[in-house]
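Heads up: the structure comes next, in structure tokens.
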Amino acid sequence: MSSSTKVDLDGNPIKAMTICMIGAGGFIGSHLCEKLLSTTSHTILAVDVYNDKIKHLLEPESLPWNGRIQFHRINIKHDSRLEGLIKMADLTINLAAICTPADYNTRPLDTIYSNFIDALPVVKYCSENNKRLIHFSTCEIYGKTIGSFLPKDHPLRQDPEFFILKEDVSPCIFGPIEKQRWSYACAKQLIERLIYAEGAENGLEFTIVRPFNWIGPRMDFIPGVDGPSEGVPRVLACFSNNLLRGEPLKLVDGGESQRTFIYIKDAIEAVMLMIENPARANGQIFNVGNPNNEVTVKQLAEMMTEVYSKVSGEPSLESPTIDVSSKEFYGEGYDDSDKRIPDMTIINKQLGWNPKTSLWDLLESTLTYQHTTYAEAVKQAIAKPTSS
Ligand SMILES: NC(=O)c1ccc[n+]([C@@H]2O[C@H](COP(=O)([O-])OP(=O)(O)OC[C@H]3O[C@@H](n4cnc5c(N)ncnc54)[C@H](O)[C@@H]3O)[C@@H](O)[C@H]2O)c1
Ligand SMILES: O=c1ccn([C@@H]2O[C@H](COP(=O)(O)OP(=O)(O)O[C@H]3OC[C@@H](O)[C@H](O)[C@H]3O)[C@@H](O)[C@H]2O)c(=O)[nH]1
């Protein structure tokens, strides 16, 4: 064995594999492609309807990984080429989804189709062809915490049993049907159950990933610059947009909800371990998050304001935040997860993985990227006279 042969966690050599990555052109996909190409010898069949975020990996042809990534512009809703690609690969990773909360209550049908119906053929082709599947679910599957139903000052709210989210123990708690926010979580829950059942009844080798607010460069879009002006991305991009434009950051319903944010590069390390350690990852559902990076959305806004001022050299506003109702911001049918702290026992035991980057450090590198990438374009967009 050559000294450069990479081994897995059990000391076995890692064989080069072909990976069919669906949704490879998105935020997580772009980072996963980058990592796979620069640190392994695996080959990627990259499937997406867009490739802007992986263009730098596809061209020019002189890149050292030339030949190890092929882009297939395919909409998985209706394309017969999908099965062929899954058959060609050793492993399929499915990232494709509508996954921005602004869509869940305003486009519930698209959300349910995207997260459940469109994922069905992928599961079926993997199962029928005995191919391994890594499917991206979500921390939203947990919905609300048990503690959220207790009175605000109840002492049990402080008890971890009432809020820590455990893969094999915690229930999935969603709001009523008219709160269409939960259309996404519910569709993701059903596809998880289907994959689990394919494993139990037909022997499908699967791993389910539940990301807890992964953030970093290339997440979503900046409205009016590389996405629609009226579009509402996830919170990192919303707040980045406000900071770039020198506007106050909007706190939905006071910004009291809590989240744990993890740096995309830490999270990608966990996915790499899953890819290269099938014996430890198959049949598992993994939380992937950083329990040490918990903040309220209001605290996130304050920290982002401070970090942005540091990296851009621009002073922050006197009143950096403004409250807005969820109805005004997201429309009818919005609801929210109150708190999301991942239990790390299973991923720790199976893969020995732990997140590393603090919230301050990850915001510093991410907001430096946002400033460098977008400040000029935003200035130009603001200067442009609006038509009408
Ligand atoms: N980023 C997070 O923190 C987070 C949290 C929880 C769950 N997830 C899950 O992880 C996955 C990836 O998330 P992301 O943040 O990279 O989102 P993203 O929107 O950046 O990426 C999704 C990609 O899938 C593609 N896609 C969607 N429908 C498709 C179709 N029909 N055919 C082909 N391609 C299609 C999109 O074009 C996009 O490039 C999603 O399943 C999401 O639900 C992400
Ligand atoms: O401008 C904003 C945007 C968002 N928010 C709030 O910030 C919090 C986080 O919002 P995000 O847009 O990042 O989305 P959420 O954390 O609610 O859900 C996300 O989590 C997991 C994934 O499955 C999805 O990517 C997405 O559903 C919410 O409480 C939201 O109401 C603001 O206060 N202001």
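Please note that chains go A, B, ... in the order of the structure tokens, that every chain numbers its residues from 1, and that ligands are numbered from 1 in the order shown.
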Item to complete: All residues within 7 Å of ligand 2 are required, counting only C-alpha atoms and all ligand atoms; please report them as number ranges by chain.
Response: A: 99-101, 138-140, 211-213, 233-236, 238-239, 249-252, 255, 257, 259, 297, 326, 336-337
Practice prompt. For Ala46 in chain A, list every protein, DNA or RNA residue within 12 Å, evaluated using only C-alpha atoms, and leave out those in the same chain fewer than 6 positions away; present the list as a ChimeraX atom specification.
Written response: /A:18-26,29-30,32-34,36-37,53-55,57-58,68-75,82,85-86,89,92-96
With C-alpha atoms retained, could you export that selection as a PDB file, in the first residue's frame?
```pdb
ATOM      1  CA  THR A  18     -18.402   7.662  -8.252  1.00  0.00           C
ATOM      2  CA  ILE A  19     -20.938   9.875  -6.516  1.00  0.00           C
ATOM      3  CA  CYS A  20     -24.195  11.032  -8.072  1.00  0.00           C
ATOM      4  CA  MET A  21     -24.838  14.330  -6.277  1.00  0.00           C
ATOM      5  CA  ILE A  22     -28.326  15.731  -6.831  1.00  0.00           C
ATOM      6  CA  GLY A  23     -28.601  19.434  -5.924  1.00  0.00           C
ATOM      7  CA  ALA A  24     -24.831  19.773  -6.372  1.00  0.00           C
ATOM      8  CA  GLY A  25     -25.236  23.352  -7.595  1.00  0.00           C
ATOM      9  CA  GLY A  26     -26.647  24.632  -4.297  1.00  0.00           C
ATOM     10  CA  GLY A  29     -23.495  20.925  -2.782  1.00  0.00           C
ATOM     11  CA  SER A  30     -20.954  23.526  -3.886  1.00  0.00           C
ATOM     12  CA  LEU A  32     -19.159  19.325  -0.837  1.00  0.00           C
ATOM     13  CA  CYS A  33     -17.986  19.282  -4.485  1.00  0.00           C
ATOM     14  CA  GLU A  34     -15.076  21.586  -3.605  1.00  0.00           C
ATOM     15  CA  LEU A  36     -14.371  16.068  -2.679  1.00  0.00           C
ATOM     16  CA  LEU A  37     -12.411  17.387  -5.653  1.00  0.00           C
ATOM     17  CA  LYS A  53     -22.126  28.139  -7.551  1.00  0.00           C
ATOM     18  CA  ILE A  54     -19.885  25.381  -8.968  1.00  0.00           C
ATOM     19  CA  LYS A  55     -18.777  27.147 -12.159  1.00  0.00           C
ATOM     20  CA  LEU A  57     -15.013  23.902 -10.312  1.00  0.00           C
ATOM     21  CA  LEU A  58     -16.166  23.101 -13.858  1.00  0.00           C
ATOM     22  CA  ARG A  68     -13.557  14.025 -12.055  1.00  0.00           C
ATOM     23  CA  ILE A  69     -16.655  16.247 -12.185  1.00  0.00           C
ATOM     24  CA  GLN A  70     -19.367  16.168 -14.835  1.00  0.00           C
ATOM     25  CA  PHE A  71     -22.299  18.548 -14.719  1.00  0.00           C
ATOM     26  CA  HIS A  72     -25.736  17.287 -15.800  1.00  0.00           C
ATOM     27  CA  ARG A  73     -28.390  19.994 -16.115  1.00  0.00           C
ATOM     28  CA  ILE A  74     -31.367  17.899 -15.069  1.00  0.00           C
ATOM     29  CA  ASN A  75     -34.633  18.722 -13.348  1.00  0.00           C
ATOM     30  CA  LEU A  82     -31.695  10.249 -13.606  1.00  0.00           C
ATOM     31  CA  LEU A  85     -26.789   8.299 -13.464  1.00  0.00           C
ATOM     32  CA  ILE A  86     -27.769   6.596 -10.210  1.00  0.00           C
ATOM     33  CA  ALA A  89     -22.681   5.722  -9.319  1.00  0.00           C
ATOM     34  CA  THR A  92     -26.151   8.909  -4.433  1.00  0.00           C
ATOM     35  CA  ILE A  93     -26.378  12.060  -2.314  1.00  0.00           C
ATOM     36  CA  ASN A  94     -29.703  13.884  -2.551  1.00  0.00           C
ATOM     37  CA  LEU A  95     -29.616  17.579  -1.635  1.00  0.00           C
ATOM     38  CA  ALA A  96     -32.307  18.818  -4.016  1.00  0.00           C
TER      39      ALA A  96
END
```
Worksheet item: Which parts of range 161-375 of chain A does DSSP call strand (DSSP E or B) when run on the backbone here, written out as a PyMOL selection string?
Response: chain A and resi 164-165+173+206-211+214-215+223+227+249-252+258-260+262-263+284-288+294-296+321-324+341-342
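Residue nearest ligand 1 within the list A:Gln299, A:Asn51, A:Ser358, A:Ser229: A:Asn51 [criterion: smallest interatomic distance, only C-alpha atoms and all ligand atoms].
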Closest-contact table, range 260-356 of chain A side, partner range 366-374 of chain A, 7 Å, counting only C-alpha atoms, as a tab-separated table:
```
residue	atom	partner	partner_atom	distance
A:Tyr308	CA	A:Leu367	CA	6.2
A:Val311	CA	A:Thr368	CA	5.9
A:Ser312	CA	A:His371	CA	6.7
```
Discussion item. Taking 4 positions as the minimum chain separation for residues in the same chain, which residues sit within 12 Å of Tyr142 in chain A when counting only C-alpha atoms? Answer as an MDAnalysis selection string.
Written reply: chainID A and resid 137:138 146 163:175 182 184:186 188:189 210:212 287 336:343
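With only C-alpha atoms taken into account, the protein and nucleic acid residues at most 12 Å from Lys310 in chain A (excluding it and anything under 3 positions from it in its own chain) are Leu243, Met303, Met304, Thr305, Glu306, Val307, Gly313, Glu314, Pro315, Ser316, Trp360, Leu363, Glu364, Ser365, Leu367, Thr368 and His371 of chain A.
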Put those residues in a file: all heavy atoms, as a short mmCIF file (atom, residue, chain, number, x, y, z; two decimals), in the first residue's frame.
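Written out: out.cif:
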```
data_model
loop_
_atom_site.label_atom_id
_atom_site.label_comp_id
_atom_site.auth_asym_id
_atom_site.auth_seq_id
_atom_site.Cartn_x
_atom_site.Cartn_y
_atom_site.Cartn_z
N LEU A 243 -27.22 44.51 5.91
CA LEU A 243 -25.94 45.14 6.28
C LEU A 243 -25.28 45.77 5.06
O LEU A 243 -24.77 46.90 5.12
CB LEU A 243 -25.01 44.10 6.91
CG LEU A 243 -25.45 43.60 8.29
CD1 LEU A 243 -24.69 42.33 8.69
CD2 LEU A 243 -25.26 44.68 9.36
N MET A 303 -24.67 40.43 16.71
CA MET A 303 -23.30 39.97 16.44
C MET A 303 -22.92 40.23 14.99
O MET A 303 -21.81 40.68 14.69
CB MET A 303 -23.17 38.48 16.78
CG MET A 303 -21.74 38.07 17.01
SD MET A 303 -21.52 36.29 17.23
CE MET A 303 -21.86 36.05 18.92
N MET A 304 -23.86 39.98 14.06
CA MET A 304 -23.55 40.21 12.64
C MET A 304 -23.29 41.70 12.39
O MET A 304 -22.42 42.06 11.59
CB MET A 304 -24.69 39.70 11.75
CG MET A 304 -24.66 38.18 11.58
SD MET A 304 -25.95 37.53 10.48
CE MET A 304 -25.46 38.17 8.88
N THR A 305 -24.03 42.56 13.09
CA THR A 305 -23.83 44.00 12.92
C THR A 305 -22.42 44.39 13.37
O THR A 305 -21.71 45.13 12.68
CB THR A 305 -24.89 44.77 13.76
OG1 THR A 305 -26.18 44.36 13.32
CG2 THR A 305 -24.75 46.26 13.61
N GLU A 306 -22.00 43.83 14.51
CA GLU A 306 -20.67 44.16 15.04
C GLU A 306 -19.57 43.61 14.12
O GLU A 306 -18.62 44.32 13.78
CB GLU A 306 -20.56 43.53 16.44
CG GLU A 306 -19.48 44.15 17.28
CD GLU A 306 -19.39 43.46 18.66
OE1 GLU A 306 -20.43 42.94 19.14
OE2 GLU A 306 -18.29 43.45 19.22
N VAL A 307 -19.73 42.37 13.70
CA VAL A 307 -18.71 41.75 12.85
C VAL A 307 -18.65 42.48 11.50
O VAL A 307 -17.56 42.77 10.99
CB VAL A 307 -19.00 40.24 12.62
CG1 VAL A 307 -18.05 39.65 11.59
CG2 VAL A 307 -18.92 39.47 13.93
N GLY A 313 -15.32 48.08 7.78
CA GLY A 313 -14.80 49.39 8.19
C GLY A 313 -15.90 50.45 8.21
O GLY A 313 -15.62 51.64 8.39
N GLU A 314 -17.16 50.03 8.02
CA GLU A 314 -18.25 51.00 8.01
C GLU A 314 -18.95 51.02 9.37
O GLU A 314 -19.19 49.96 9.95
CB GLU A 314 -19.27 50.65 6.91
CG GLU A 314 -18.74 50.96 5.52
CD GLU A 314 -19.49 50.21 4.43
OE1 GLU A 314 -20.65 49.82 4.65
OE2 GLU A 314 -18.88 50.01 3.36
N PRO A 315 -19.28 52.23 9.88
CA PRO A 315 -19.94 52.27 11.19
C PRO A 315 -21.34 51.66 11.12
O PRO A 315 -21.98 51.68 10.06
CB PRO A 315 -20.04 53.77 11.49
CG PRO A 315 -19.95 54.45 10.17
CD PRO A 315 -19.14 53.56 9.27
N SER A 316 -21.81 51.08 12.23
CA SER A 316 -23.16 50.50 12.20
C SER A 316 -24.19 51.59 12.49
O SER A 316 -23.87 52.66 12.99
CB SER A 316 -23.28 49.34 13.18
OG SER A 316 -22.61 49.62 14.36
N TRP A 360 -18.60 33.61 16.31
CA TRP A 360 -17.90 34.84 15.95
C TRP A 360 -16.96 34.56 14.77
O TRP A 360 -16.97 35.29 13.77
CB TRP A 360 -17.12 35.41 17.15
CG TRP A 360 -16.38 36.64 16.78
CD1 TRP A 360 -15.15 36.71 16.18
CD2 TRP A 360 -16.84 37.99 16.89
NE1 TRP A 360 -14.81 38.03 15.93
CE2 TRP A 360 -15.82 38.83 16.36
CE3 TRP A 360 -18.00 38.59 17.40
CZ2 TRP A 360 -15.93 40.23 16.31
CZ3 TRP A 360 -18.10 39.98 17.36
CH2 TRP A 360 -17.08 40.78 16.82
N LEU A 363 -18.77 33.90 11.49
CA LEU A 363 -19.39 35.11 10.94
C LEU A 363 -18.32 36.02 10.35
O LEU A 363 -18.53 36.67 9.32
CB LEU A 363 -20.19 35.85 12.01
CG LEU A 363 -21.50 35.17 12.43
CD1 LEU A 363 -22.17 35.96 13.55
CD2 LEU A 363 -22.47 35.00 11.25
N GLU A 364 -17.16 36.05 10.99
CA GLU A 364 -16.09 36.90 10.47
C GLU A 364 -15.67 36.45 9.07
O GLU A 364 -15.59 37.26 8.15
CB GLU A 364 -14.90 36.86 11.44
CG GLU A 364 -13.94 38.00 11.22
CD GLU A 364 -13.00 38.18 12.40
OE1 GLU A 364 -13.42 38.70 13.45
OE2 GLU A 364 -11.84 37.80 12.26
N SER A 365 -15.46 35.13 8.88
CA SER A 365 -15.04 34.71 7.53
C SER A 365 -16.19 34.84 6.54
O SER A 365 -15.99 35.22 5.38
CB SER A 365 -14.43 33.32 7.53
OG SER A 365 -15.28 32.42 8.14
N LEU A 367 -18.84 36.96 6.61
CA LEU A 367 -19.18 38.36 6.27
C LEU A 367 -18.04 39.04 5.49
O LEU A 367 -18.29 39.95 4.70
CB LEU A 367 -19.56 39.14 7.52
CG LEU A 367 -20.90 38.69 8.14
CD1 LEU A 367 -21.25 39.51 9.36
CD2 LEU A 367 -22.04 38.77 7.13
N THR A 368 -16.82 38.56 5.68
CA THR A 368 -15.72 39.06 4.84
C THR A 368 -16.01 38.66 3.39
O THR A 368 -15.89 39.48 2.46
CB THR A 368 -14.36 38.48 5.31
OG1 THR A 368 -14.18 38.86 6.67
CG2 THR A 368 -13.20 38.98 4.47
N HIS A 371 -18.92 40.76 2.00
CA HIS A 371 -18.50 42.14 1.70
C HIS A 371 -17.68 42.17 0.41
O HIS A 371 -17.94 42.98 -0.49
CB HIS A 371 -17.70 42.70 2.88
CG HIS A 371 -17.31 44.13 2.70
ND1 HIS A 371 -18.24 45.15 2.65
CD2 HIS A 371 -16.10 44.71 2.51
CE1 HIS A 371 -17.61 46.29 2.45
NE2 HIS A 371 -16.32 46.06 2.36
#
```
Item to complete: Measure the distance from CA of Glu256 in chain A to CA of Ala102 in chain A in Å and round it to one decimal.
Response: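 A separation of 18.1 Å between them.
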Discussion item. Here is a test: counting only C-alpha atoms and all ligand atoms, which residue of A:Ile98, A:Leu91, A:Leu150, A:Ala197 is nearest to ligand 1?
Written reply: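 Ranked by minimum distance to ligand 1, first place goes to A:Ile98.
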